[in-house]
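A.B. asks: Contents of protein_22.tsv (TSV, C-alpha atoms) are below:
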```tsv
chain	number	residue	atom	x	y	z
A	1	MET	CA	80.28	78.26	130.85
A	2	ASN	CA	83.62	79.92	131.60
A	3	SER	CA	84.49	83.48	130.50
A	4	ILE	CA	86.51	82.45	127.45
A	5	PHE	CA	83.66	80.45	125.99
A	6	LYS	CA	81.19	83.21	126.83
A	7	VAL	CA	83.30	85.65	124.83
A	8	LEU	CA	83.54	83.19	121.94
A	9	ALA	CA	79.79	82.60	121.95
A	10	VAL	CA	79.14	86.34	121.83
A	11	ALA	CA	81.69	86.73	119.04
A	12	LEU	CA	80.07	84.04	116.93
A	13	LEU	CA	76.64	85.53	117.49
A	14	LEU	CA	77.68	89.07	116.62
A	15	ILE	CA	79.32	88.27	113.32
A	16	GLY	CA	76.65	85.80	112.35
A	17	ILE	CA	78.85	82.68	112.42
A	18	THR	CA	77.44	79.42	113.61
A	19	ALA	CA	79.80	76.99	115.29
A	20	PRO	CA	81.34	74.74	112.63
A	21	GLY	CA	80.39	71.10	112.56
A	22	PHE	CA	83.00	69.73	110.20
A	23	ALA	CA	83.95	66.11	110.44
A	24	GLY	CA	87.28	64.68	109.36
A	25	ASP	CA	90.34	66.53	108.23
A	26	THR	CA	90.10	70.32	107.89
A	27	ILE	CA	92.44	73.28	107.70
A	28	LYS	CA	91.82	75.57	110.65
A	29	ILE	CA	92.08	79.33	110.25
A	30	GLY	CA	91.99	81.39	113.44
A	31	SER	CA	90.39	84.84	113.32
A	32	GLY	CA	91.42	87.15	116.13
A	33	GLY	CA	90.28	90.71	116.72
A	34	ALA	CA	88.00	93.04	118.63
A	35	ILE	CA	84.48	91.62	118.37
A	36	THR	CA	83.20	93.47	121.43
A	37	GLY	CA	84.22	96.75	123.06
A	38	GLY	CA	84.96	100.14	121.56
A	39	SER	CA	86.80	98.76	118.54
A	40	ALA	CA	84.10	96.21	117.70
A	41	PRO	CA	82.97	97.97	114.49
A	42	TYR	CA	86.44	97.40	113.06
A	43	GLY	CA	86.86	93.85	114.33
A	44	LEU	CA	83.39	92.80	113.22
A	45	SER	CA	83.94	94.11	109.72
A	46	ALA	CA	87.20	92.17	109.38
A	47	ALA	CA	85.71	89.01	110.87
A	48	ARG	CA	82.84	89.09	108.41
A	49	GLY	CA	85.33	89.38	105.55
A	50	VAL	CA	87.13	86.31	106.87
A	51	GLU	CA	83.88	84.38	107.19
A	52	ILE	CA	82.65	85.12	103.67
A	53	ALA	CA	86.08	84.40	102.17
A	54	ILE	CA	86.09	81.01	103.86
A	55	GLU	CA	82.57	80.30	102.64
A	56	ASP	CA	83.64	81.15	99.09
A	57	LEU	CA	86.76	78.98	99.31
A	58	ASN	CA	84.87	76.05	100.80
A	59	ALA	CA	82.38	76.25	97.95
A	60	LYS	CA	85.32	75.74	95.59
A	61	GLY	CA	86.89	72.89	97.54
A	62	GLY	CA	88.75	74.70	100.30
A	63	ILE	CA	92.55	74.80	100.52
A	64	LEU	CA	94.65	71.93	99.15
A	65	GLY	CA	91.48	69.91	98.77
A	66	LYS	CA	90.49	70.32	102.44
A	67	LYS	CA	87.56	72.28	103.81
A	68	ILE	CA	88.40	75.24	106.03
A	69	GLU	CA	87.25	75.42	109.63
A	70	LEU	CA	86.99	78.87	111.22
A	71	LEU	CA	88.03	79.49	114.83
A	72	VAL	CA	87.00	82.88	116.25
A	73	GLY	CA	88.48	84.80	119.15
A	74	ASP	CA	87.72	88.19	120.71
A	75	ASP	CA	90.61	90.23	122.13
A	76	VAL	CA	88.55	93.36	122.95
A	77	CYS	CA	91.53	95.32	121.53
A	78	LYS	CA	93.52	94.62	124.72
A	79	PRO	CA	97.02	93.07	124.59
A	80	GLU	CA	96.61	91.02	127.75
A	81	VAL	CA	93.36	89.51	126.46
A	82	ALA	CA	94.94	88.94	123.05
A	83	VAL	CA	97.68	86.76	124.56
A	84	ASN	CA	95.12	84.50	126.24
A	85	MET	CA	92.99	84.42	123.12
A	86	ALA	CA	95.98	83.55	120.92
A	87	THR	CA	96.96	80.78	123.29
A	88	LYS	CA	93.49	79.30	122.99
A	89	LEU	CA	93.46	79.53	119.19
A	90	VAL	CA	96.78	77.68	119.07
A	91	SER	CA	95.62	75.05	121.54
A	92	ASP	CA	92.46	74.59	119.47
A	93	GLY	CA	94.62	73.72	116.48
A	94	ALA	CA	94.69	76.92	114.41
A	95	GLN	CA	97.14	76.44	111.52
A	96	MET	CA	97.21	80.04	110.25
A	97	ILE	CA	95.86	83.31	111.63
A	98	VAL	CA	93.99	86.35	110.36
A	99	GLY	CA	94.39	89.13	112.89
A	100	HIS	CA	94.43	91.05	114.95
A	101	VAL	CA	92.83	94.47	114.37
A	102	CYS	CA	94.53	96.66	117.01
A	103	SER	CA	98.30	96.85	116.68
A	104	GLY	CA	99.00	96.49	120.41
A	105	ALA	CA	96.95	93.32	120.54
A	106	THR	CA	98.67	91.99	117.41
A	107	ILE	CA	102.15	92.58	118.80
A	108	ALA	CA	101.28	90.86	122.07
A	109	ALA	CA	99.51	87.89	120.46
A	110	ASN	CA	102.18	87.35	117.84
A	111	LYS	CA	104.64	86.18	120.49
A	112	ILE	CA	102.38	83.14	120.79
A	113	TYR	CA	101.86	82.66	117.06
A	114	LYS	CA	105.54	83.06	116.20
A	115	ASP	CA	106.54	80.45	118.76
A	116	ALA	CA	103.88	78.14	117.34
A	117	GLY	CA	105.21	78.59	113.80
A	118	LEU	CA	102.06	80.15	112.33
A	119	ILE	CA	101.74	82.62	109.48
A	120	VAL	CA	99.78	85.69	110.62
A	121	ILE	CA	98.18	88.27	108.33
A	122	SER	CA	96.33	91.32	109.61
A	123	PRO	CA	93.63	93.36	107.88
A	124	ALA	CA	94.11	96.40	110.10
A	125	SER	CA	97.24	96.51	112.29
A	126	THR	CA	99.39	99.37	111.00
A	127	ASN	CA	102.18	99.75	113.58
A	128	ASP	CA	105.52	100.17	111.76
A	129	ASP	CA	107.39	97.79	114.06
A	130	LEU	CA	105.34	94.80	112.94
A	131	THR	CA	107.13	94.73	109.60
A	132	LEU	CA	110.00	97.21	109.71
A	133	LYS	CA	111.93	95.87	112.73
A	134	ALA	CA	112.21	92.25	111.55
A	135	GLU	CA	110.93	91.04	114.92
A	136	HIS	CA	107.83	89.44	113.41
A	137	PRO	CA	109.03	87.36	110.44
A	138	ASN	CA	105.72	85.45	110.35
A	139	PHE	CA	103.64	88.62	109.98
A	140	PHE	CA	102.01	90.11	106.87
A	141	ARG	CA	99.23	92.65	106.36
A	142	THR	CA	96.77	93.86	103.74
A	143	ILE	CA	96.88	97.48	104.91
A	144	SER	CA	99.62	100.11	104.73
A	145	TYR	CA	101.76	100.87	107.76
A	146	ASP	CA	101.64	103.98	109.95
A	147	GLY	CA	104.68	105.69	108.42
A	148	ALA	CA	103.04	105.68	104.99
A	149	LYS	CA	99.85	107.09	106.48
A	150	ALA	CA	101.71	109.76	108.47
A	151	ASP	CA	103.51	110.86	105.33
A	152	LEU	CA	100.20	111.07	103.46
A	153	MET	CA	98.48	113.13	106.16
A	154	THR	CA	101.30	115.61	106.72
A	155	SER	CA	101.75	116.12	102.99
A	156	PHE	CA	98.02	116.66	102.46
A	157	VAL	CA	97.70	119.09	105.37
A	158	LYS	CA	100.70	121.09	104.21
A	159	ASN	CA	100.31	121.03	100.44
A	160	ASN	CA	96.55	120.68	99.92
A	161	LEU	CA	94.99	122.39	102.93
A	162	LYS	CA	97.94	124.79	103.26
A	163	VAL	CA	97.49	125.35	106.98
A	164	LYS	CA	100.28	126.69	109.20
A	165	THR	CA	99.08	125.73	112.68
A	166	VAL	CA	97.82	122.36	113.93
A	167	ALA	CA	96.33	121.10	117.20
A	168	MET	CA	96.85	117.40	117.86
A	169	ILE	CA	94.80	115.50	120.43
A	170	HIS	CA	94.63	111.79	121.23
A	171	ASP	CA	93.05	109.38	123.69
A	172	LYS	CA	96.27	108.13	125.40
A	173	GLY	CA	95.94	104.68	123.83
A	174	ASP	CA	99.20	103.09	122.72
A	175	TYR	CA	98.23	103.11	119.06
A	176	ASP	CA	96.64	106.55	118.85
A	177	LYS	CA	99.28	108.27	120.98
A	178	GLY	CA	102.02	106.64	118.91
A	179	GLN	CA	100.34	107.65	115.67
A	180	MET	CA	100.01	111.27	116.76
A	181	GLU	CA	103.63	111.38	117.92
A	182	LEU	CA	104.70	109.98	114.57
A	183	VAL	CA	102.67	112.54	112.63
A	184	ARG	CA	104.12	115.31	114.81
A	185	GLU	CA	107.61	114.11	113.89
A	186	TYR	CA	106.67	114.24	110.22
A	187	PHE	CA	105.35	117.80	110.64
A	188	GLU	CA	108.60	118.84	112.33
A	189	GLU	CA	110.71	117.22	109.61
A	190	SER	CA	108.73	118.74	106.74
A	191	GLY	CA	108.76	122.25	108.24
A	192	GLY	CA	106.34	125.10	107.65
A	193	ILE	CA	103.72	123.83	110.13
A	194	GLU	CA	103.64	124.59	113.84
A	195	VAL	CA	102.03	122.14	116.26
A	196	VAL	CA	100.48	124.66	118.66
A	197	LEU	CA	98.75	122.09	120.88
A	198	PHE	CA	99.54	118.46	121.64
A	199	GLU	CA	97.19	117.07	124.28
A	200	GLU	CA	95.82	113.80	125.55
A	201	VAL	CA	92.25	113.37	126.73
A	202	THR	CA	90.41	110.74	128.70
A	203	THR	CA	88.45	108.53	126.33
A	204	ARG	CA	84.66	108.28	126.53
A	205	THR	CA	84.34	111.53	128.45
A	206	VAL	CA	80.87	113.07	128.56
A	207	ASP	CA	82.03	116.68	128.26
A	208	TYR	CA	84.97	117.79	126.09
A	209	THR	CA	84.62	121.49	126.90
A	210	ASP	CA	88.15	121.80	128.32
A	211	ILE	CA	89.95	120.43	125.27
A	212	VAL	CA	87.73	122.33	122.84
A	213	GLN	CA	88.46	125.58	124.72
A	214	LYS	CA	92.19	124.80	124.46
A	215	ILE	CA	91.81	124.25	120.72
A	216	LYS	CA	89.99	127.58	120.43
A	217	ARG	CA	92.67	129.45	122.41
A	218	SER	CA	95.42	127.87	120.32
A	219	ASN	CA	93.94	129.36	117.11
A	220	ALA	CA	94.84	126.11	115.34
A	221	GLU	CA	93.71	126.16	111.74
A	222	LEU	CA	93.38	122.37	111.84
A	223	THR	CA	92.64	119.91	114.63
A	224	MET	CA	93.81	116.34	114.25
A	225	TRP	CA	92.25	113.62	116.39
A	226	GLY	CA	93.60	110.17	117.15
A	227	GLY	CA	91.14	107.96	119.00
A	228	TYR	CA	87.72	106.34	119.01
A	229	GLN	CA	84.97	107.36	116.61
A	230	SER	CA	82.53	107.87	119.48
A	231	ASP	CA	84.82	110.47	121.08
A	232	ALA	CA	85.52	112.09	117.70
A	233	SER	CA	81.80	112.64	117.11
A	234	LYS	CA	81.42	114.41	120.47
A	235	ILE	CA	84.44	116.63	119.84
A	236	VAL	CA	83.22	117.52	116.35
A	237	ASP	CA	79.77	118.34	117.74
A	238	MET	CA	81.23	120.63	120.41
A	239	ILE	CA	83.60	122.33	117.95
A	240	LYS	CA	80.62	123.13	115.74
A	241	ASN	CA	78.43	124.28	118.64
A	242	LYS	CA	81.17	126.48	120.12
A	243	LYS	CA	81.85	127.90	116.65
A	244	VAL	CA	85.55	127.06	116.82
A	245	ASP	CA	87.13	127.97	113.49
A	246	THR	CA	89.23	124.86	112.85
A	247	ILE	CA	89.30	122.11	110.24
A	248	PHE	CA	88.73	118.67	111.81
A	249	PHE	CA	90.89	115.79	110.58
A	250	TYR	CA	90.11	112.31	111.88
A	251	ALA	CA	93.52	110.69	111.74
A	252	ALA	CA	92.75	107.14	112.87
A	253	GLY	CA	93.11	105.77	109.35
A	254	ILE	CA	89.49	104.75	109.33
A	255	ILE	CA	86.39	105.90	107.52
A	256	GLY	CA	83.12	104.29	108.40
A	257	ASP	CA	79.39	104.79	108.56
A	258	SER	CA	79.35	104.54	112.36
A	259	PHE	CA	81.20	107.86	112.66
A	260	VAL	CA	78.72	109.51	110.32
A	261	THR	CA	75.80	108.10	112.30
A	262	LEU	CA	77.27	109.40	115.54
A	263	ALA	CA	78.29	112.83	114.26
A	264	GLY	CA	75.32	113.47	111.99
A	265	LYS	CA	75.23	116.76	110.10
A	266	ASP	CA	78.23	118.02	112.08
A	267	PHE	CA	80.40	115.62	110.12
A	268	GLU	CA	80.04	117.65	106.93
A	269	GLY	CA	83.46	118.89	105.81
A	270	VAL	CA	85.45	116.63	108.13
A	271	TYR	CA	88.55	114.97	106.69
A	272	ALA	CA	89.56	111.39	107.39
A	273	THR	CA	92.00	108.83	106.10
A	274	GLY	CA	91.10	105.37	104.92
A	275	PRO	CA	92.11	102.64	102.51
A	276	ASN	CA	92.14	103.50	98.81
A	277	ASP	CA	88.72	103.41	97.20
A	278	PRO	CA	88.41	100.14	95.26
A	279	SER	CA	84.71	100.56	94.49
A	280	ARG	CA	85.18	100.05	90.74
A	281	ASN	CA	86.69	96.62	91.32
A	282	PRO	CA	84.22	93.90	90.17
A	283	LEU	CA	85.01	91.64	93.14
A	284	TYR	CA	84.50	94.57	95.50
A	285	LYS	CA	81.04	95.11	94.04
A	286	GLU	CA	80.21	91.41	94.21
A	287	LEU	CA	81.27	91.15	97.86
A	288	THR	CA	79.42	94.33	98.80
A	289	ALA	CA	76.20	92.79	97.49
A	290	LYS	CA	76.94	89.49	99.22
A	291	HIS	CA	77.54	91.24	102.55
A	292	LYS	CA	74.32	93.24	102.28
A	293	LYS	CA	72.36	90.09	101.55
A	294	LYS	CA	73.93	88.13	104.42
A	295	TYR	CA	73.99	90.82	107.12
A	296	GLY	CA	71.41	93.34	105.92
A	297	GLU	CA	73.83	96.26	105.87
A	298	ALA	CA	76.81	97.70	104.00
A	299	PRO	CA	80.27	96.32	104.82
A	300	GLY	CA	82.37	97.97	107.51
A	301	THR	CA	85.85	99.40	107.21
A	302	PHE	CA	88.00	96.26	107.18
A	303	PHE	CA	85.65	93.77	105.54
A	304	TYR	CA	87.54	93.76	102.23
A	305	ASN	CA	90.94	93.64	103.93
A	306	GLY	CA	89.79	90.64	105.96
A	307	TYR	CA	88.60	88.89	102.81
A	308	ALA	CA	91.96	89.61	101.12
A	309	CYS	CA	93.81	88.13	104.11
A	310	VAL	CA	92.13	84.77	103.62
A	311	GLN	CA	92.74	84.92	99.88
A	312	ALA	CA	96.45	85.48	100.50
A	313	LEU	CA	96.74	82.58	102.94
A	314	ALA	CA	94.97	80.26	100.53
A	315	ALA	CA	97.09	81.39	97.58
A	316	ALA	CA	100.32	80.86	99.53
A	317	ALA	CA	99.30	77.40	100.68
A	318	GLU	CA	98.33	76.37	97.16
A	319	LYS	CA	101.57	77.75	95.71
A	320	ALA	CA	103.62	76.01	98.39
A	321	GLY	CA	101.59	72.82	98.08
A	322	SER	CA	101.67	72.70	101.86
A	323	ILE	CA	100.78	74.60	105.03
A	324	ASP	CA	104.32	74.08	106.34
A	325	TYR	CA	105.47	77.38	107.85
A	326	ASP	CA	108.71	77.80	105.91
A	327	LYS	CA	107.15	76.84	102.59
A	328	MET	CA	104.12	79.07	103.10
A	329	ARG	CA	106.22	82.01	104.22
A	330	ALA	CA	108.40	81.77	101.11
A	331	ALA	CA	105.29	81.59	98.95
A	332	MET	CA	103.77	84.70	100.56
A	333	PHE	CA	106.48	86.83	98.94
A	334	GLU	CA	105.73	85.37	95.50
A	335	ILE	CA	101.95	85.36	95.27
A	336	LYS	CA	99.75	87.86	93.45
A	337	VAL	CA	96.15	88.01	94.59
A	338	ASP	CA	93.17	89.43	92.70
A	339	SER	CA	91.56	90.82	95.81
A	340	PRO	CA	88.64	93.21	96.36
A	341	LEU	CA	91.32	95.82	97.10
A	342	GLY	CA	92.78	95.28	93.64
A	343	PRO	CA	95.79	93.14	92.63
A	344	ILE	CA	98.04	92.82	95.69
A	345	GLY	CA	101.25	91.15	96.75
A	346	PHE	CA	103.76	91.56	99.59
A	347	ASP	CA	107.18	93.16	99.80
A	348	LYS	CA	110.24	91.76	101.55
A	349	ASN	CA	108.97	93.08	104.90
A	350	GLY	CA	105.50	91.57	104.61
A	351	ASP	CA	103.83	94.88	103.79
A	352	VAL	CA	101.11	94.92	101.17
A	353	VAL	CA	101.93	96.12	97.68
A	354	GLY	CA	99.01	97.52	95.67
A	355	ALA	CA	96.79	98.81	98.49
A	356	GLY	CA	97.39	102.09	100.30
A	357	PHE	CA	95.68	104.99	102.08
A	358	SER	CA	93.78	107.98	100.73
A	359	VAL	CA	92.32	111.15	102.22
A	360	TYR	CA	88.55	111.56	102.19
A	361	GLN	CA	86.21	114.42	103.01
A	362	PHE	CA	82.59	114.05	104.00
A	363	GLN	CA	80.66	116.02	101.39
A	364	ASN	CA	76.90	116.12	100.86
A	365	GLY	CA	76.28	113.08	103.01
A	366	LYS	CA	79.02	110.79	101.73
A	367	TYR	CA	82.76	110.25	101.71
A	368	THR	CA	84.61	111.67	98.72
A	369	GLN	CA	88.23	110.85	97.97
A	370	VAL	CA	90.10	114.16	97.72
A	371	ASN	CA	93.73	113.26	97.04
```
What would the structure in this file look like if it were written as structure tokens?

C.D. replies:
Amino acid sequence: MNSIFKVLAVALLLIGITAPGFAGDTIKIGSGGAITGGSAPYGLSAARGVEIAIEDLNAKGGILGKKIELLVGDDVCKPEVAVNMATKLVSDGAQMIVGHVCSGATIAANKIYKDAGLIVISPASTNDDLTLKAEHPNFFRTISYDGAKADLMTSFVKNNLKVKTVAMIHDKGDYDKGQMELVREYFEESGGIEVVLFEEVTTRTVDYTDIVQKIKRSNAELTMWGGYQSDASKIVDMIKNKKVDTIFFYAAGIIGDSFVTLAGKDFEGVYATGPNDPSRNPLYKELTAKHKKKYGEAPGTFFYNGYACVQALAAAAEKAGSIDYDKMRAAMFEIKVDSPLGPIGFDKNGDVVGAGFSVYQFQNGKYTQVN
């Protein structure tokens, strides 16, 4: 078994999908994202949303009267792997794509999808360029873009937390470094807040003493981190143990139980951003129960966004009466979807309308929306 098929087999096993055995004519949806590696919690959650959405659609007859076949790929959140994975999905006959999770991987893979004339919709890729530069006309997403998130964070830090000094650290990754640089620009433009430390660290380091000492010497009232949850938990733990007087703000745009599990009691009081809380939505509640029954645990961060991606593709195809690229693309701007995120649509750039980001704080063992 070659490496590509080994990765695919692992991906299918991890998200609980069995290889499809459809006969005859189907519509093939490719699902691309990080199923293994450091970003696996995000990719798995999205992939499970895609799987359950397809199950639900197939139970109702599929798309345009055809059952849906799911093709799964694992890009490990790496652009070079994403290109190979995208090439395989296209060669396997994917007719539309949900993915990817990491923005760098999405940008790289979309060169393949765009040339193949495929509509792509991501549950998690937030890089501004994907929609605001008009270089990816086939791309849509069910999550807000980085600029909107940067504006939210800087406004909250300035107006709600009312701090004057901020330390910003990141893991050197393209996404996280870019996000921190963008937030720094927003701080500079808004005024009234001084970035007293802007540092990169090596990811998955055992000991973060050096950076924590720099944070302490900087006297930053707030420390903002862009990077993996596993690193964040270690930094939070050391900040608490060293009694560094700073508010910790996890700026990756993600809230999830895995961070809480890693950080434990040290997570109390930490701020983080994440998608708006749709927990009162009836479909959200229904899907939460369905996920728990199927996988034995609560849904991860991008489960609902992944589900909404499939809903949008199906709605566009039905409205267009075809999976033709031009017809589907035109329909994407017209559809309204009753998703688990709430009623959503898409603006002229392909950005979601109706679903945004919020700020949360971990209080008494759970996330509480605070803005």

A.B. asks: How far is it from CA of Leu118 (chain A) to CA of Ile344 (chain A), in Å with one decimal?

C.D. replies: 21.3 Å

A.B. asks: List the residues sitting within 12 Å of (95.8, 112.9, 113.4) in the file's frame, using only C-alpha atoms, as a ChimeraX atom specification.

C.D. replies: /A:146,149-154,156-157,166-171,175-187,195,198-199,222-228,232,247-254,271-273,359

A.B. asks: Which of these residues is nearest to Ala116 (chain A), using only C-alpha atoms: A:Met238, A:Val83, A:Val196, A:Val90?

C.D. replies: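 Counting only C-alpha atoms, the residue closest to Ala116 (chain A) is A:Val90.
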
A.B. asks: Give one line per residue of region 134-214 of chain A that approaches region 319-325 of chain A to at most 12 Å, naming the two atoms of the closest pair and their distance in Å to one decimal, counting all atoms listed in the file; sort by chain then ascending residue number and deliver it as a Markdown table.

C.D. replies:
```
| residue | atom | partner | partner_atom | distance |
| --- | --- | --- | --- | --- |
| A:Pro137 | CA | A:Tyr325 | CA | 10.9 |
| A:Asn138 | CA | A:Tyr325 | CA | 8.5 |
| A:Phe139 | CA | A:Tyr325 | CA | 11.6 |
```

A.B. asks: Kindly indicate which residue among A:Arg204, A:Lys67, A:Arg141, A:Lys243 lies nearest to Ser103 (chain A), using only C-alpha atoms for the distances.

C.D. replies: A:Arg141

A.B. asks: Ranking A:Pro299, A:Pro123, A:Gly342, A:Gly350 by minimum distance to Asn281 (chain A) and counting all atoms listed in the file, which one comes first?

C.D. replies: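 Result for the nearest residue to Asn281 (chain A): A:Gly342.
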
A.B. asks: Identify, on the basis of all atoms listed in the file, every residue whose closest approach to Ala355 (chain A) does not exceed 8 Å; exclude the query and any residue fewer than 5 positions from it along the same chain; express the result as number ranges by chain.

C.D. replies: A: 142-144, 275-276, 341-342, 344

A.B. asks: Looking at A:Glu51, A:Glu318, A:Asp231, A:Glu189, which one is nearest to Thr202 (chain A), with distances taken over only C-alpha atoms?

C.D. replies: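 For Thr202 (chain A), the nearest of the candidates is A:Asp231.
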
A.B. asks: Using all atoms listed in the file, which of the listed residues (A:Leu44, A:Val353, A:Leu64, A:Leu70) sits closest to Gly30 (chain A)?

C.D. replies: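 Ranked by minimum distance to Gly30 (chain A), first place goes to A:Leu70.
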
A.B. asks: Please report the interatomic distance between CA of Thr106 (chain A) and CA of Ser31 (chain A) in Å with one decimal.

C.D. replies: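 Separating CA of Thr106 (chain A) from CA of Ser31 (chain A) is a distance of 11.7 Å.
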
A.B. asks: Choose the residue, out of A:Tyr295, A:Tyr284, A:Phe140, A:Phe302, that has the smallest atom-to-atom separation from Ala34 (chain A); count only C-alpha atoms.

C.D. replies: A:Phe302

A.B. asks: If you count all atoms listed in the file, which residues fall within 6 Å of Asp75 (chain A), apart from same-chain ones fewer than 2 positions away, as a PyMOL selection string?

C.D. replies: chain A and resi 33-34+77-78+81-82

A.B. asks: Restricted to C-alpha atoms, what would the selected residues look like written as a compact mmCIF listing (two decimals), in the coordinates of the input?

C.D. replies:
```txt
# COMPACT_ATOMS: atom_id res chain seq x y z
CA GLY A 33 90.28 90.71 116.72
CA ALA A 34 88.00 93.04 118.63
CA CYS A 77 91.53 95.32 121.53
CA LYS A 78 93.52 94.62 124.72
CA VAL A 81 93.36 89.51 126.46
CA ALA A 82 94.94 88.94 123.05
```

A.B. asks: Could you please determine the separation between CA of Asn110 (chain A) and CA of Gly38 (chain A) in Å, to one decimal place?

C.D. replies: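 Those two atoms sit 21.8 Å apart.
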
A.B. asks: When you look at Ala317 (chain A) with a cut-off of 12 Å (counting only C-alpha atoms), what residues show up, excluding the ones that are within fewer than 2 positions of it in the same chain? I need them as a PyMOL selection string.

C.D. replies: chain A and resi 27+62-66+95-96+119+310-315+319-335

A.B. asks: Give me the residues near Ala47 (chain A) as a CSV table (one decimal) with C-alpha atoms, in the coordinates of the input, where near means some atom within 12 Å (using all atoms listed in the file) and where sequence neighbours in that chain fewer than 6 positions away do not count.

C.D. replies:
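After the write, around_27.csv holds the following:
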```
chain,number,residue,atom,x,y,z
A,11,ALA,CA,81.7,86.7,119.0
A,12,LEU,CA,80.1,84.0,116.9
A,13,LEU,CA,76.6,85.5,117.5
A,14,LEU,CA,77.7,89.1,116.6
A,15,ILE,CA,79.3,88.3,113.3
A,16,GLY,CA,76.6,85.8,112.4
A,17,ILE,CA,78.8,82.7,112.4
A,29,ILE,CA,92.1,79.3,110.2
A,30,GLY,CA,92.0,81.4,113.4
A,31,SER,CA,90.4,84.8,113.3
A,32,GLY,CA,91.4,87.2,116.1
A,33,GLY,CA,90.3,90.7,116.7
A,34,ALA,CA,88.0,93.0,118.6
A,35,ILE,CA,84.5,91.6,118.4
A,36,THR,CA,83.2,93.5,121.4
A,40,ALA,CA,84.1,96.2,117.7
A,41,PRO,CA,83.0,98.0,114.5
A,53,ALA,CA,86.1,84.4,102.2
A,54,ILE,CA,86.1,81.0,103.9
A,70,LEU,CA,87.0,78.9,111.2
A,71,LEU,CA,88.0,79.5,114.8
A,72,VAL,CA,87.0,82.9,116.2
A,73,GLY,CA,88.5,84.8,119.2
A,74,ASP,CA,87.7,88.2,120.7
A,97,ILE,CA,95.9,83.3,111.6
A,98,VAL,CA,94.0,86.4,110.4
A,99,GLY,CA,94.4,89.1,112.9
A,100,HIS,CA,94.4,91.0,115.0
A,101,VAL,CA,92.8,94.5,114.4
A,122,SER,CA,96.3,91.3,109.6
A,123,PRO,CA,93.6,93.4,107.9
A,124,ALA,CA,94.1,96.4,110.1
A,291,HIS,CA,77.5,91.2,102.6
A,299,PRO,CA,80.3,96.3,104.8
A,300,GLY,CA,82.4,98.0,107.5
A,301,THR,CA,85.8,99.4,107.2
A,302,PHE,CA,88.0,96.3,107.2
A,303,PHE,CA,85.6,93.8,105.5
A,304,TYR,CA,87.5,93.8,102.2
A,305,ASN,CA,90.9,93.6,103.9
A,306,GLY,CA,89.8,90.6,106.0
A,307,TYR,CA,88.6,88.9,102.8
A,308,ALA,CA,92.0,89.6,101.1
A,309,CYS,CA,93.8,88.1,104.1
A,310,VAL,CA,92.1,84.8,103.6
```
